[in-house]
Every structure is written in C-alpha cells, then in structure tokens.
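Shown next: input.txt, given as compact mmCIF, C-alpha atoms.
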# COMPACT_ATOMS: atom_id res chain seq x y z
CA MET F 324 0.77 -4.29 -2.89
CA ARG F 325 -0.51 -6.84 -0.47
CA TRP F 326 -2.51 -4.58 1.76
CA MET F 327 -5.70 -5.65 0.03
CA ARG F 328 -9.03 -6.65 1.41
CA ALA F 329 -10.98 -9.57 0.02
CA ALA F 330 -12.90 -8.76 -3.14
CA GLY F 331 -16.20 -7.20 -2.22
CA ARG F 332 -14.84 -5.09 0.61
CA GLY F 333 -14.73 -2.11 -1.69
CA LEU F 334 -16.02 0.64 0.59
CA LEU F 335 -13.69 3.54 1.05
CA VAL F 336 -13.07 4.66 4.61
CA TRP F 337 -12.64 8.43 4.63
CA ALA F 338 -11.92 9.03 8.30
CA VAL F 339 -9.65 12.00 7.77
CA VAL F 340 -8.62 14.59 10.32
CA MET F 341 -8.61 18.01 8.66
CA THR F 342 -6.76 20.85 10.32
CA GLY F 343 -5.49 24.21 9.25
CA CYS F 344 -1.97 23.40 10.34
CA VAL F 345 0.73 23.66 7.70
CA ALA F 346 4.34 22.65 8.22
CA SER F 347 6.76 25.51 8.73
CA GLY F 348 9.33 26.52 6.16
CA ALA F 349 11.86 23.91 7.30
CA ARG F 350 13.80 22.23 4.50
CA ALA F 351 11.90 19.19 3.24
CA GLU F 352 14.82 16.80 3.59
CA GLU F 353 15.23 17.62 7.28
CA GLY F 354 11.80 16.14 8.07
CA GLY F 355 11.79 18.37 11.12
CA GLY F 356 11.11 21.91 12.16
CA ALA F 357 7.82 22.74 13.86
CA GLY F 358 6.46 19.50 12.61
CA ARG F 359 4.68 17.55 15.38
CA GLY F 360 0.97 16.90 15.54
CA PRO F 361 -1.85 14.63 14.29
CA LEU F 362 -1.33 12.57 11.14
CA THR F 363 -3.24 10.63 8.54
CA LEU F 364 -1.82 7.39 7.14
CA ALA F 365 -3.18 6.35 3.75
CA THR F 366 -2.93 2.73 2.64
CA ALA F 367 -4.66 0.20 0.48
CA GLY F 368 -7.17 -1.97 2.34
CA ASP F 369 -5.80 -3.99 5.24
CA LEU F 370 -6.51 -7.63 4.37
CA THR F 371 -5.93 -9.08 7.82
CA GLY F 372 -7.20 -6.20 9.95
CA TYR F 373 -3.98 -5.91 11.95
CA LEU F 374 -3.03 -2.31 11.20
CA GLY F 375 -5.72 -0.53 13.20
CA PRO F 376 -4.77 -2.22 16.51
CA LEU F 377 -1.08 -1.64 15.75
CA LEU F 378 -1.67 2.10 15.28
CA GLN F 379 -3.65 2.19 18.52
CA GLY F 380 -0.36 1.34 20.24
CA TRP F 381 1.23 4.44 18.72
CA ASN F 382 -1.75 6.61 19.63
CA ARG F 383 -1.66 5.50 23.28
CA THR F 384 2.00 6.43 23.66
CA HIS F 385 2.09 9.56 21.48
CA PRO F 386 -0.59 11.96 22.73
CA GLY F 387 -0.94 14.89 20.39
CA GLU F 388 0.45 12.88 17.46
CA GLU F 389 -2.50 10.56 16.91
CA VAL F 390 -2.75 8.78 13.58
CA THR F 391 -5.98 8.40 11.64
CA LEU F 392 -5.98 5.45 9.23
CA VAL F 393 -7.35 6.02 5.74
CA GLU F 394 -8.06 2.78 3.88
CA LEU F 395 -8.24 3.14 0.10
CA PRO F 396 -9.71 0.54 -2.30
CA ASP F 397 -8.41 -3.00 -2.36
CA SER F 398 -7.00 -2.78 -5.90
CA ALA F 399 -3.44 -1.48 -6.24
CA ASP F 400 -4.40 0.31 -9.46
CA GLU F 401 -7.32 2.07 -7.74
CA THR F 402 -5.19 2.95 -4.73
CA HIS F 403 -2.57 4.47 -7.02
CA ALA F 404 -5.23 6.50 -8.82
CA GLN F 405 -6.71 7.88 -5.60
CA MET F 406 -3.35 8.67 -4.04
CA SER F 407 -2.04 10.44 -7.13
CA THR F 408 -5.27 12.42 -7.53
CA ASP F 409 -5.05 13.58 -3.93
CA LEU F 410 -1.35 14.41 -4.11
CA ARG F 411 -1.88 16.60 -7.16
CA GLY F 412 -3.85 18.85 -4.83
CA GLY F 413 -0.59 20.10 -3.30
CA ASP F 414 -1.09 21.62 0.13
CA ARG F 415 -4.76 20.61 0.00
CA SER F 416 -3.76 16.95 0.20
CA ARG F 417 -5.44 15.00 3.00
CA PHE F 418 -2.61 12.47 3.48
CA ASP F 419 0.53 12.88 5.58
CA VAL F 420 2.13 9.42 5.48
CA LEU F 421 1.64 7.18 2.46
CA ASN F 422 2.01 3.42 2.36
CA ILE F 423 2.97 3.06 -1.29
CA ASP F 424 3.73 0.07 -3.46
CA VAL F 425 7.49 -0.26 -3.86
CA ASN F 426 7.33 0.50 -7.56
CA TRP F 427 5.67 3.89 -7.05
CA THR F 428 8.61 5.46 -5.23
CA SER F 429 10.37 6.74 -8.36
CA GLU F 430 7.16 8.10 -9.86
CA PHE F 431 6.07 9.90 -6.69
CA ALA F 432 9.56 11.30 -6.09
CA ALA F 433 9.97 12.54 -9.66
CA ALA F 434 6.58 14.26 -9.43
CA GLY F 435 7.62 16.06 -6.25
CA TRP F 436 4.84 14.46 -4.21
CA ILE F 437 7.04 12.93 -1.50
CA ARG F 438 9.95 14.48 0.36
CA PRO F 439 13.53 13.20 0.65
CA LEU F 440 14.29 11.60 4.02
CA PRO F 441 17.50 11.58 6.11
CA ARG F 442 18.96 8.08 6.16
CA ASP F 443 20.23 8.35 9.71
CA ARG F 444 16.72 8.55 11.17
CA PHE F 445 15.84 4.99 10.14
CA PRO F 446 17.31 1.51 10.81
CA LEU F 447 18.24 0.85 7.18
CA ARG F 448 21.23 -1.36 8.06
CA SER F 449 18.87 -3.77 9.81
CA PHE F 450 16.87 -4.38 6.64
CA LEU F 451 17.30 -7.07 3.99
CA PRO F 452 19.67 -5.28 1.56
CA PRO F 453 17.60 -5.39 -1.66
CA VAL F 454 14.59 -3.67 -0.12
CA VAL F 455 16.41 -0.36 0.46
CA ASP F 456 16.93 0.12 -3.28
CA THR F 457 13.15 0.22 -3.80
CA ALA F 458 12.98 3.31 -1.59
CA THR F 459 15.52 5.43 -3.50
CA TYR F 460 15.36 7.64 -6.56
CA GLU F 461 18.42 9.21 -8.20
CA GLY F 462 20.54 8.21 -5.23
CA ARG F 463 18.35 9.77 -2.53
CA LEU F 464 16.09 8.12 0.04
CA TYR F 465 12.46 9.07 -0.58
CA ALA F 466 10.73 6.37 1.47
CA VAL F 467 11.44 3.72 4.08
CA PRO F 468 10.79 0.02 3.42
CA TYR F 469 7.96 -1.31 5.58
CA VAL F 470 6.85 -4.64 4.09
CA THR F 471 8.76 -6.72 1.59
CA ASN F 472 7.62 -9.56 -0.61
CA ALA F 473 8.82 -12.01 -3.20
CA GLY F 474 6.89 -14.42 -5.33
CA LEU F 475 7.02 -18.10 -4.38
CA LEU F 476 5.91 -21.29 -6.08
CA LEU F 477 3.29 -22.97 -3.92
CA TYR F 478 2.69 -26.64 -4.64
CA ARG F 479 0.65 -29.61 -3.46
CA LYS F 480 3.26 -31.57 -1.55
CA ASP F 481 0.86 -34.49 -1.01
CA VAL F 482 0.42 -34.93 -4.76
CA LEU F 483 4.13 -34.70 -5.56
CA ALA F 484 4.92 -37.10 -2.70
CA GLU F 485 2.44 -39.61 -4.09
CA GLU F 486 4.11 -39.30 -7.49
CA GLY F 487 7.58 -39.56 -5.96
CA VAL F 488 8.90 -36.36 -7.53
CA PRO F 489 10.47 -33.28 -5.90
CA PRO F 490 9.10 -29.77 -6.45
CA PRO F 491 10.25 -28.29 -9.77
CA ARG F 492 13.42 -26.22 -9.99
CA THR F 493 13.27 -25.46 -13.74
CA TRP F 494 10.64 -24.41 -16.24
CA ALA F 495 10.96 -27.75 -18.01
CA GLU F 496 10.20 -29.63 -14.79
CA LEU F 497 7.29 -27.35 -14.03
CA GLU F 498 5.84 -27.82 -17.50
CA GLN F 499 6.26 -31.59 -17.35
CA ASP F 500 4.59 -31.93 -13.96
CA ALA F 501 1.81 -29.47 -14.78
CA ARG F 502 1.08 -31.24 -18.07
CA THR F 503 1.22 -34.85 -16.84
CA ILE F 504 0.79 -35.11 -13.06
CA ALA F 505 -1.95 -32.51 -12.60
CA PRO F 506 -4.52 -34.18 -14.90
CA ARG F 507 -4.03 -37.54 -13.17
CA HIS F 508 -5.21 -35.92 -9.95
CA GLY F 509 -8.03 -33.88 -11.48
CA LEU F 510 -6.10 -30.62 -11.13
CA ASP F 511 -5.14 -27.74 -13.36
CA GLY F 512 -1.39 -27.41 -13.75
CA TYR F 513 -0.14 -23.92 -12.98
CA ALA F 514 -1.44 -20.41 -12.50
CA GLY F 515 -0.23 -16.95 -11.64
CA GLN F 516 -1.92 -13.57 -11.95
CA PHE F 517 -2.73 -12.97 -15.61
CA LEU F 518 -5.62 -10.51 -15.64
CA PRO F 519 -4.45 -7.25 -17.25
CA TYR F 520 -3.54 -5.33 -14.08
CA GLU F 521 -0.39 -4.81 -12.00
CA GLY F 522 -0.14 -8.50 -11.21
CA LEU F 523 0.37 -9.32 -14.89
CA THR F 524 3.25 -6.83 -15.01
CA VAL F 525 4.81 -8.69 -12.08
CA ASN F 526 4.37 -12.14 -13.64
CA ALA F 527 5.73 -10.96 -16.99
CA ALA F 528 8.73 -9.23 -15.40
CA GLU F 529 9.54 -12.36 -13.39
CA ALA F 530 9.52 -14.46 -16.55
CA VAL F 531 11.82 -11.99 -18.33
CA TYR F 532 14.15 -11.63 -15.33
CA SER F 533 14.32 -15.40 -14.80
CA ALA F 534 15.47 -15.82 -18.39
CA GLY F 535 18.24 -13.28 -17.79
CA GLY F 536 16.58 -10.25 -19.35
CA THR F 537 15.56 -6.79 -18.21
CA VAL F 538 12.85 -4.31 -19.17
CA LEU F 539 14.29 -0.85 -18.48
CA GLY F 540 17.63 0.60 -17.39
CA ASP F 541 18.98 3.91 -16.16
CA GLU F 542 15.93 4.87 -14.04
CA GLY F 543 13.64 4.26 -17.01
CA GLN F 544 15.65 6.21 -19.56
CA ARG F 545 16.84 3.16 -21.52
CA VAL F 546 14.63 0.40 -22.97
CA THR F 547 16.23 -3.04 -22.74
CA VAL F 548 13.30 -5.41 -23.26
CA ASN F 549 13.94 -6.27 -26.93
CA SER F 550 16.09 -9.32 -26.23
CA ALA F 551 16.21 -13.07 -26.67
CA ALA F 552 15.73 -13.44 -22.91
CA ALA F 553 12.49 -11.45 -22.97
CA ARG F 554 11.21 -13.52 -25.89
CA GLU F 555 12.06 -16.70 -23.97
CA GLY F 556 10.33 -15.49 -20.80
CA ILE F 557 7.14 -14.35 -22.48
CA GLY F 558 7.23 -17.48 -24.63
CA PHE F 559 7.21 -19.66 -21.51
CA LEU F 560 3.91 -18.13 -20.40
CA VAL F 561 2.42 -18.16 -23.88
CA ARG F 562 3.29 -21.84 -24.26
CA GLY F 563 1.50 -22.65 -21.01
CA PHE F 564 -1.78 -21.22 -22.27
CA ARG F 565 -1.39 -22.67 -25.75
CA GLU F 566 -0.67 -26.18 -24.45
CA GLY F 567 -3.25 -26.00 -21.66
CA TRP F 568 -1.12 -26.57 -18.57
CA ILE F 569 -2.05 -23.02 -17.61
CA PRO F 570 -5.87 -22.95 -17.59
CA ARG F 571 -7.70 -20.27 -19.56
CA ALA F 572 -9.43 -19.26 -16.33
CA ALA F 573 -6.08 -17.88 -15.15
CA LEU F 574 -6.56 -14.99 -17.59
CA THR F 575 -9.08 -13.68 -15.04
CA TYR F 576 -6.94 -14.26 -11.95
CA LYS F 577 -5.64 -11.62 -9.58
CA GLU F 578 -3.97 -12.57 -6.30
CA GLU F 579 -7.19 -13.47 -4.52
CA GLU F 580 -8.75 -15.46 -7.35
CA SER F 581 -5.61 -17.49 -7.92
CA LYS F 582 -5.18 -18.09 -4.19
CA GLN F 583 -8.77 -19.28 -3.95
CA ALA F 584 -8.32 -21.72 -6.83
CA PHE F 585 -5.30 -23.21 -5.08
CA GLN F 586 -6.96 -23.19 -1.67
CA ASP F 587 -10.03 -24.94 -3.10
CA GLY F 588 -7.82 -27.77 -4.37
CA ARG F 589 -8.02 -26.95 -8.08
CA LEU F 590 -4.32 -26.27 -8.82
CA LEU F 591 -1.11 -28.24 -8.56
CA PHE F 592 1.18 -25.18 -8.73
CA LEU F 593 0.61 -21.49 -7.99
CA ARG F 594 2.82 -18.44 -8.21
CA ASN F 595 1.74 -16.01 -5.48
CA TRP F 596 2.96 -13.92 -2.57
CA PRO F 597 3.63 -15.57 0.83
CA TYR F 598 0.29 -14.41 2.24
CA ALA F 599 -1.35 -17.04 0.04
CA TYR F 600 0.68 -19.75 1.79
CA ALA F 601 -0.45 -18.47 5.18
CA VAL F 602 -4.12 -18.27 4.21
CA ALA F 603 -4.16 -21.62 2.40
CA SER F 604 -2.55 -23.26 5.43
CA ALA F 605 -5.13 -21.94 7.90
CA PRO F 606 -7.77 -24.19 9.48
CA GLY F 607 -10.71 -24.65 7.15
CA SER F 608 -8.65 -24.61 3.98
CA LYS F 609 -9.11 -27.70 1.82
CA VAL F 610 -5.33 -27.95 1.36
CA ALA F 611 -4.18 -27.09 4.89
CA GLY F 612 -1.15 -29.20 5.81
CA ARG F 613 -0.68 -30.34 2.21
CA ILE F 614 1.22 -27.45 0.64
CA GLY F 615 4.85 -26.45 0.28
CA ALA F 616 6.73 -23.46 -1.08
CA VAL F 617 9.92 -23.16 -3.11
CA PRO F 618 11.60 -20.40 -5.13
CA LEU F 619 10.16 -19.69 -8.54
CA PRO F 620 11.67 -21.92 -11.23
CA GLY F 621 13.70 -20.54 -14.13
CA PRO F 622 15.06 -21.94 -17.40
CA ASP F 623 18.03 -23.74 -15.80
CA GLY F 624 17.36 -23.54 -12.06
CA PRO F 625 15.75 -21.16 -9.58
CA GLY F 626 14.37 -18.07 -11.27
CA THR F 627 14.08 -14.45 -10.18
CA SER F 628 11.15 -13.00 -8.32
CA VAL F 629 10.03 -9.43 -8.56
CA LEU F 630 10.52 -7.62 -5.30
CA GLY F 631 7.15 -6.69 -3.87
CA GLY F 632 6.00 -4.98 -0.73
CA SER F 633 5.41 -1.41 0.33
CA ASN F 634 7.33 1.65 1.46
CA LEU F 635 6.34 4.46 3.80
CA ALA F 636 6.73 7.97 2.42
CA VAL F 637 6.01 11.47 3.69
CA ASN F 638 3.88 13.82 1.65
CA THR F 639 5.81 16.92 0.58
CA HIS F 640 2.95 18.95 2.06
CA ALA F 641 2.60 16.90 5.26
CA ARG F 642 1.23 19.02 8.08
CA HIS F 643 3.58 17.55 10.69
CA PRO F 644 6.69 16.11 9.00
CA ASP F 645 8.61 15.39 12.20
CA SER F 646 5.75 13.31 13.58
CA ALA F 647 5.54 11.57 10.19
CA ALA F 648 9.21 10.57 10.38
CA ARG F 649 8.78 9.45 13.99
CA LEU F 650 5.82 7.27 13.00
CA ILE F 651 7.83 5.64 10.20
CA ALA F 652 10.69 4.90 12.60
CA TYR F 653 8.16 3.32 14.98
CA LEU F 654 6.59 1.16 12.26
CA THR F 655 9.98 -0.11 11.13
CA GLY F 656 11.26 -0.91 14.62
CA GLU F 657 11.88 -4.53 15.61
CA ARG F 658 8.84 -4.93 17.89
CA VAL F 659 6.34 -3.59 15.37
CA GLN F 660 7.97 -5.44 12.47
CA ARG F 661 7.47 -8.65 14.43
CA GLN F 662 3.75 -7.80 14.69
CA VAL F 663 3.62 -7.10 10.96
CA LEU F 664 4.47 -10.77 10.49
CA THR F 665 2.62 -12.40 13.39
CA ALA F 666 -0.58 -10.35 13.25
CA GLY F 667 -0.61 -9.29 9.61
CA ALA F 668 0.99 -12.32 7.91
CA LEU F 669 3.09 -9.83 5.94
CA PRO F 670 6.84 -10.29 5.33
CA PRO F 671 8.86 -7.83 7.43
CA VAL F 672 11.87 -5.92 6.13
CA ARG F 673 14.12 -6.57 9.13
CA ALA F 674 16.64 -9.31 8.35
CA ASP F 675 16.99 -10.78 11.86
CA LEU F 676 13.34 -11.86 12.01
CA TYR F 677 13.90 -14.37 9.20
CA GLU F 678 16.32 -16.29 11.41
CA ASP F 679 14.27 -16.25 14.61
CA PRO F 680 13.67 -19.96 15.50
CA ALA F 681 10.22 -19.35 16.98
CA LEU F 682 9.06 -17.42 13.93
CA VAL F 683 10.46 -20.04 11.54
CA ARG F 684 8.53 -22.74 13.38
CA ARG F 685 5.35 -20.72 13.00
CA PHE F 686 6.05 -19.57 9.45
CA PRO F 687 8.10 -22.37 7.85
CA TYR F 688 8.37 -20.56 4.52
CA LEU F 689 10.56 -17.79 6.03
CA PRO F 690 13.96 -19.25 4.97
CA THR F 691 12.67 -19.77 1.42
CA LEU F 692 11.23 -16.27 1.37
CA ARG F 693 14.47 -14.75 2.66
CA ALA F 694 16.42 -16.43 -0.15
CA ALA F 695 13.83 -15.25 -2.67
CA VAL F 696 13.99 -11.65 -1.44
CA LEU F 697 17.80 -11.60 -1.47
CA SER F 698 17.81 -12.73 -5.12
CA ALA F 699 14.79 -10.69 -6.21
CA ALA F 700 14.84 -7.75 -8.60
CA PRO F 701 12.73 -4.58 -8.46
CA ARG F 702 10.14 -3.78 -11.06
CA PRO F 703 11.36 -1.42 -13.78
CA LYS F 704 12.15 1.95 -12.24
CA SER F 705 10.59 4.85 -14.11
CA PRO F 706 9.08 8.23 -13.29
CA HIS F 707 6.28 7.11 -15.65
CA TYR F 708 5.82 3.72 -14.03
CA ASP F 709 2.03 3.69 -14.33
CA GLN F 710 2.32 4.07 -18.11
CA VAL F 711 5.08 1.45 -18.27
CA SER F 712 2.95 -1.03 -16.38
CA LEU F 713 -0.10 -0.41 -18.55
CA ALA F 714 1.98 -1.02 -21.67
CA VAL F 715 3.37 -4.29 -20.29
CA GLN F 716 -0.10 -5.47 -19.31
CA ALA F 717 -1.67 -4.73 -22.69
CA VAL F 718 1.11 -6.23 -24.79
CA VAL F 719 1.65 -9.37 -22.71
CA HIS F 720 -2.08 -10.03 -22.46
CA ASP F 721 -2.31 -9.93 -26.25
CA ALA F 722 0.47 -12.51 -26.39
CA LEU F 723 -1.15 -14.78 -23.78
CA THR F 724 -4.46 -14.74 -25.66
CA GLY F 725 -2.78 -15.60 -28.97
CA ARG F 726 -3.22 -12.22 -30.64
CA GLN F 727 0.54 -11.80 -30.99
CA THR F 728 3.56 -14.06 -31.01
CA PRO F 729 6.13 -13.61 -28.25
CA GLU F 730 8.53 -12.19 -30.84
CA SER F 731 6.12 -9.55 -32.15
CA ALA F 732 4.92 -8.75 -28.62
CA VAL F 733 8.46 -8.00 -27.42
CA ARG F 734 9.15 -5.77 -30.43
CA ARG F 735 5.88 -3.90 -29.87
CA LEU F 736 6.59 -3.51 -26.15
CA ALA F 737 10.03 -2.06 -26.91
CA ARG F 738 8.46 0.54 -29.22
CA GLU F 739 5.82 1.53 -26.67
CA LEU F 740 8.29 1.76 -23.80
CA ASP F 741 10.66 3.84 -25.94
CA ALA F 742 7.84 6.30 -26.61
CA ILE F 743 7.13 6.51 -22.86
CA ALA F 744 10.82 7.02 -22.01
CA ARG F 745 11.07 9.96 -24.45
CA ARG F 746 8.18 11.88 -22.86

Would you mind writing the file's structure down as structure tokens?
Amino acid sequence: MRWMRAAGRGLLVWAVVMTGCVASGARAEEGGGAGRGPLTLATAGDLTGYLGPLLQGWNRTHPGEEVTLVELPDSADETHAQMSTDLRGGDRSRFDVLNIDVNWTSEFAAAGWIRPLPRDRFPLRSFLPPVVDTATYEGRLYAVPYVTNAGLLLYRKDVLAEEGVPPPRTWAELEQDARTIAPRHGLDGYAGQFLPYEGLTVNAAEAVYSAGGTVLGDEGQRVTVNSAAAREGIGFLVRGFREGWIPRAALTYKEEESKQAFQDGRLLFLRNWPYAYAVASAPGSKVAGRIGAVPLPGPDGPGTSVLGGSNLAVNTHARHPDSAARLIAYLTGERVQRQVLTAGALPPVRADLYEDPALVRRFPYLPTLRAAVLSAAPRPKSPHYDQVSLAVQAVVHDALTGRQTPESAVRRLARELDAIARR
C-alpha cells in the first residue's frame, strides 16, 4: 500500500470521533437505511499529505457527515495488524470506512469485517478493468477501487544513452546491463524490495508471474506454485544476489530505502511503484531529469507486474453506512480522482485520466503505467492472505540468502501454502 509516510514518521494519529450511534437493522448489502452521520476513515500514513485537504472539501459540502481521518503506521504490515485488531472488536470498532491494501479484500470479506456493496452506487465502468477484480470476493463487491498501482522498471536514461543501449525488455538484457554497464559508472545494478515484508511477496510474485507461473488458484483453495515457472522466477532473483548484480544491501530494502538508493544515484535499475518516479524526478533529486520508466522485464519480453493500490471498504458495523457509501462515491469521482494524481502523486483508478494530454505532459509515465496495470495480475487471493504472505516472505528470503536452492524453496513453499489452504 502506498499510503506510507517516510520512515521515522511513526506516530499514530488517533483522532477518532466516538458516538453512541449504531446503524439500524437495514440489510448490510443495501448500505442504506438510517445511515447518515459522522464518519472515521482509517488509512495507512499519507506520504504526500494530500488526503487531509481533500477530505476538507467533503466536510465543507456535507454538514453532519464530517469525516475524521485516522492515520495508522507507515508499514503495511503494521496497518494490517491494527485494522484487523480493531475490526475483531465488532460493534466496538472505531473505523467506519477503511482504506485497505487491495490484497486484503478477500481476507476481510471472508472474516465478515466488511459489508457487501451494491455495484450500481459506484462508477465501476469508468475504472481500469483489472482493478475491479481486486475488490471482489466470491463474485460479490466488497470494496471500491480507489488507488491502483503497478510496478515499473526505473532506469538511468543518461547512463543507457551514453552506452547507446535501450532500456531492457528481457531478464537477460537486464542482467547483462546490470552486470556490465553499472560497474563502469560506479553504480549497483538492480534492486527491488527484498526485506522480508509485504514488498518481498510482491517482488517474488512478479518474478513467478512473469515466468508464466501462479501461486494460488480458486480463491486460495488450490496451490499452484510448485512449477517450472516458479523455479525460473525465483531463480532469476537468486542469481542476481549470487552473481552480485543485485547488491546485498537490497536485502534490507523496502520501498523507501530502494527509492532513496536510486534517487541518490547509486542504482542503474530499480523496480518500484510510480511514486518513486515522481519523487526521484522532483527538484533536489540527484537524478532529476535523468530517469525513465518502462514495464518490468520478463524472460522473453515484458513481464507481469503485481497489481497494487488500495480499495475503500465499509466496516460491517459502520455507524452510518449510507454516508460511508456516499463518501466512497465522492472519493472515486472524476474530480477527486484527478486530485489523487495531481496532489497525491498516486495512480487513479479512472481510465480516462491516463489519456488526458495535460496529465500525460505532467506525468509522462502514465501511458507506461496504464499498460502495466492492464497487464498486471493480483496477488494471490486467499481468506488467509496474511499467512500466505508470511510464508512467501520467509521461504523466498531463505532462497535469496543462499539457505535454499530455488528448487527446494518452491517445494517448501508449496507444502506450507497447502497447509494454510487446508485450515
């Protein structure tokens, strides 16, 4: 989830409006009934500080339905832990609307923490098609896409231009350039997010998907990771660390650390979300004006990104469910979605914004990002996603550090995921 503050901004803001109001007995999926009044919106930390002013616009025009913003920690794992702990409190929960990572939708829906939503209340046909799938579970809509994301390969276009080579389209080209060109310019070759946390799950899934493999099927009921494609994908990453064109320091990288290494001029290539392009291009960056972005490479051509971003969901025990649905419709409208991009540097879910000439001039990576989103795949869907992700992180990290071969790591991961699926 890319609603993260810079490391060090770890204070939790608990500005929560507590009332004795409880929604009436209206059916959850109607999202209506006697359901209007003040709300709380819980989200991970807002990196760019845009969300507070955006919500002030809602508060000015919706008296009696004011929203109080609750910012949780900047780590996705910590945000998940705090949200799930609160939601287990049932009607004592403090949150009405939840900005959740796209891969939490199935888990939260299966647990009964978020309510089904009527499709006709939201502009789903205006969204990039793949993002809607992240908001469903067992064929029902449980959230509404708010921000999307897809991984991109950022590169030093000045260095590649000096060498007379185009940006890489395949793993072999990436390896070659990272191994040979980067050292000639005093750079490390390639990095992603390889600390054992959610980012490692994303990087590992992208490698497996790019090689043509999958991790889970049938909403998490079937384990599919034990394949030649998975061994090839994990092997690509393992080879990078073993041969040195991925620096050992990358084992400590999350999004911010890897972005900083690239922004400081220490990397030739970086896999990251589009926000890193925007920040590294800003005035004061050592590489401003010298970076480009292309789709992630794969074995034989462009690879597959994991679909990132966040969805807006309504707590099953929301005090004012109709106001919650109205707020979500407001946040996914065209005007606000434009502000999500221009003020928050976050990729919107509305398709038409990616073809707006003025926005493309300001954010030149938009066409590349649109193509990446349209070809992206969601993270493995599972009602036990947190356990799935922890298993992927632990097993893949052991492979990256040389404790296991890619072959043994994939077999072990299949066993662990099978045990999770049978719970």

(message) Set the distance at 9 Å and use only C-alpha atoms: which residues neighbour range 710-724 of chain F once local chain neighbours fewer than 4 positions away are removed? I'd like the list as a ChimeraX atom specification.
(response) /F:517-525,527-528,557-558,560-565,571,574,703,705,728-729,731-733,735-736,739-740,743-744

(request) Would you please work out which residue, of F:Ala466, F:Ile614, F:Leu539, F:Ala647, is nearest to Val390 in chain F when using all atoms listed in the file? (result)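 The closest residue to Val390 in chain F is F:Ala647.
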
(message) When you count only C-alpha atoms, which of these residues is closest to Pro644 in chain F: F:Pro386, F:Gly462, F:Pro439, F:Gly543?
(response)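 Ranking F:Pro386, F:Gly462, F:Pro439, F:Gly543 by distance to Pro644 in chain F, first place goes to F:Pro439.
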
(request) Compare F:Ala681, F:Ala641, F:Ala674, F:Val470 by their minimum atom-to-atom distance to Leu364 in chain F, counting all atoms listed in the file, and give me the closest one. (result)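 So, comparing all the options, the nearest one is F:Ala641.
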
(message) Here is a test: counting only C-alpha atoms, which residue of F:Pro622, F:Gly588, F:Pro468, F:Pro706 is nearest to Ala652 in chain F?
(response)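 Of all the options, F:Pro468 lies closest to Ala652 in chain F.
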
(message) Quick one: residues within 8 Å of Thr639 in chain F, only C-alpha atoms, excluding same-chain residues fewer than 4 positions away - as a list in words?
(response) Ala351, Gly435, Trp436, Ile437 and Arg438 of chain F

(request) May I ask which of the residues F:Gln544, F:Gln379, F:Ser628, F:Ser633 is the closest one to Ala742 in chain F, counting only C-alpha atoms? (result)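 Under the stated criterion, the closest residue is F:Gln544.
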
Using only the atoms of range 392-406 of chain F listed in the file, plus 5 Å on each side, state the axis-aligned box centre and edge lengths in Å rounded to one decimal, as JSON.
{"center_x": -6.1, "center_y": 2.8, "center_z": -0.1, "size_x": 17.1, "size_y": 21.7, "size_z": 28.7}

(message) Set the distance at 6 Å and use only C-alpha atoms: which residues neighbour range 496-507 of chain F once local chain neighbours fewer than 4 positions away are removed? I'd like the list as a list in words.
(response)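 Residues meeting the cut-off are Pro491, Asp511, Gly512, Trp568 and Leu591 of chain F.
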
Residues from the last selection, C-alpha atoms, saved as a compact mmCIF listing (two decimals), keeping the file's coordinate frame:
# COMPACT_ATOMS: atom_id res chain seq x y z
CA PRO F 491 10.25 -28.29 -9.77
CA ASP F 511 -5.14 -27.74 -13.36
CA GLY F 512 -1.39 -27.41 -13.75
CA TRP F 568 -1.12 -26.57 -18.57
CA LEU F 591 -1.11 -28.24 -8.56

(message) Could you list, as JSON, numbers by chain, every residue within 10 Å of Asp709 in chain F, counting only C-alpha atoms and ignoring same-chain residues fewer than 5 positions away?
(response) {"F": [400, 403, 404, 426, 427, 430, 521, 714]}

(request) Considering all atoms listed in the file, state which residue in the set F:Ala473, F:Ile651, F:Leu451, F:Leu590 is at the smallest distance from Asp675 in chain F. (result)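 Ranked by minimum distance to Asp675 in chain F, first place goes to F:Leu451.
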
(message) Quick check, in Å to one decimal: how far apart do CA of Gly515 in chain F and CA of Val538 in chain F lie?
(response)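 Going from CA of Gly515 in chain F over to CA of Val538 in chain F covers 19.7 Å.
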
(message) At a cut-off of 9 Å, using all atoms listed in the file, what residues contact Ala666 in chain F? Leave out same-chain residues fewer than 2 positions from it and give the result as an MDAnalysis selection string.
(response) chainID F and resid 371:374 661:664 668:669

(request) Quick one: pull the distance between CA of Thr459 in chain F and CA of Arg702 in chain F, Å, one decimal. (result)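 Atom-to-atom, CA of Thr459 in chain F and CA of Arg702 in chain F are spaced 13.1 Å apart.
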
Which residues of range 644-740 of chain F have any atom within 12 Å of an atom in range 443-450 of chain F when counting all atoms listed in the file, and what is the closest pair of atoms for each, with the distance in Å to one decimal? Order the rows by chain and rising number and write it as a Markdown table.
| residue | atom | partner | partner_atom | distance |
| --- | --- | --- | --- | --- |
| F:Asp645 | CA | F:Arg444 | CA | 10.7 |
| F:Ala647 | CA | F:Arg444 | CA | 11.6 |
| F:Ala648 | CA | F:Arg444 | CA | 7.8 |
| F:Arg649 | CA | F:Arg444 | CA | 8.5 |
| F:Leu650 | CA | F:Phe445 | CA | 10.7 |
| F:Ile651 | CA | F:Phe445 | CA | 8.0 |
| F:Ala652 | CA | F:Phe445 | CA | 5.7 |
| F:Tyr653 | CA | F:Phe445 | CA | 9.2 |
| F:Leu654 | CA | F:Phe445 | CA | 10.2 |
| F:Thr655 | CA | F:Pro446 | CA | 7.5 |
| F:Gly656 | CA | F:Pro446 | CA | 7.5 |
| F:Glu657 | CA | F:Ser449 | CA | 9.1 |
| F:Gln660 | CA | F:Phe450 | CA | 10.7 |
| F:Pro670 | CA | F:Phe450 | CA | 11.7 |
| F:Pro671 | CA | F:Phe450 | CA | 8.8 |
| F:Val672 | CA | F:Phe450 | CA | 5.3 |
| F:Arg673 | CA | F:Phe450 | CA | 4.3 |
| F:Ala674 | CA | F:Phe450 | CA | 5.2 |
| F:Asp675 | CA | F:Ser449 | CA | 7.5 |
| F:Leu676 | CA | F:Phe450 | CA | 9.9 |
| F:Tyr677 | CA | F:Phe450 | CA | 10.7 |
| F:Arg693 | CA | F:Phe450 | CA | 11.4 |
| F:Val696 | CA | F:Phe450 | CA | 11.2 |
| F:Leu697 | CA | F:Phe450 | CA | 10.9 |

(request) Quote the spacing between CA of Ser429 in chain F and CA of Arg411 in chain F in Å to one decimal place. (result)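 According to the coordinates, CA of Ser429 in chain F and CA of Arg411 in chain F are separated by 15.8 Å.
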
(request) For a cut-off of 10 Å around (-0.4, 3.9, -4.4), file coordinates, pick out all residues using all atoms listed in the file and list them as a list of chain:residue names. (result)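 Residues satisfying the cut-off, written out: F:Met324, F:Ala365, F:Thr366, F:Ala367, F:Leu395, F:Ser398, F:Ala399, F:Asp400, F:Glu401, F:Thr402, F:His403, F:Ala404, F:Gln405, F:Met406, F:Ser407, F:Leu421, F:Asn422, F:Ile423, F:Asp424, F:Val425, F:Asn426, F:Trp427, F:Thr428, F:Phe431, F:Ser633, F:Asn634.
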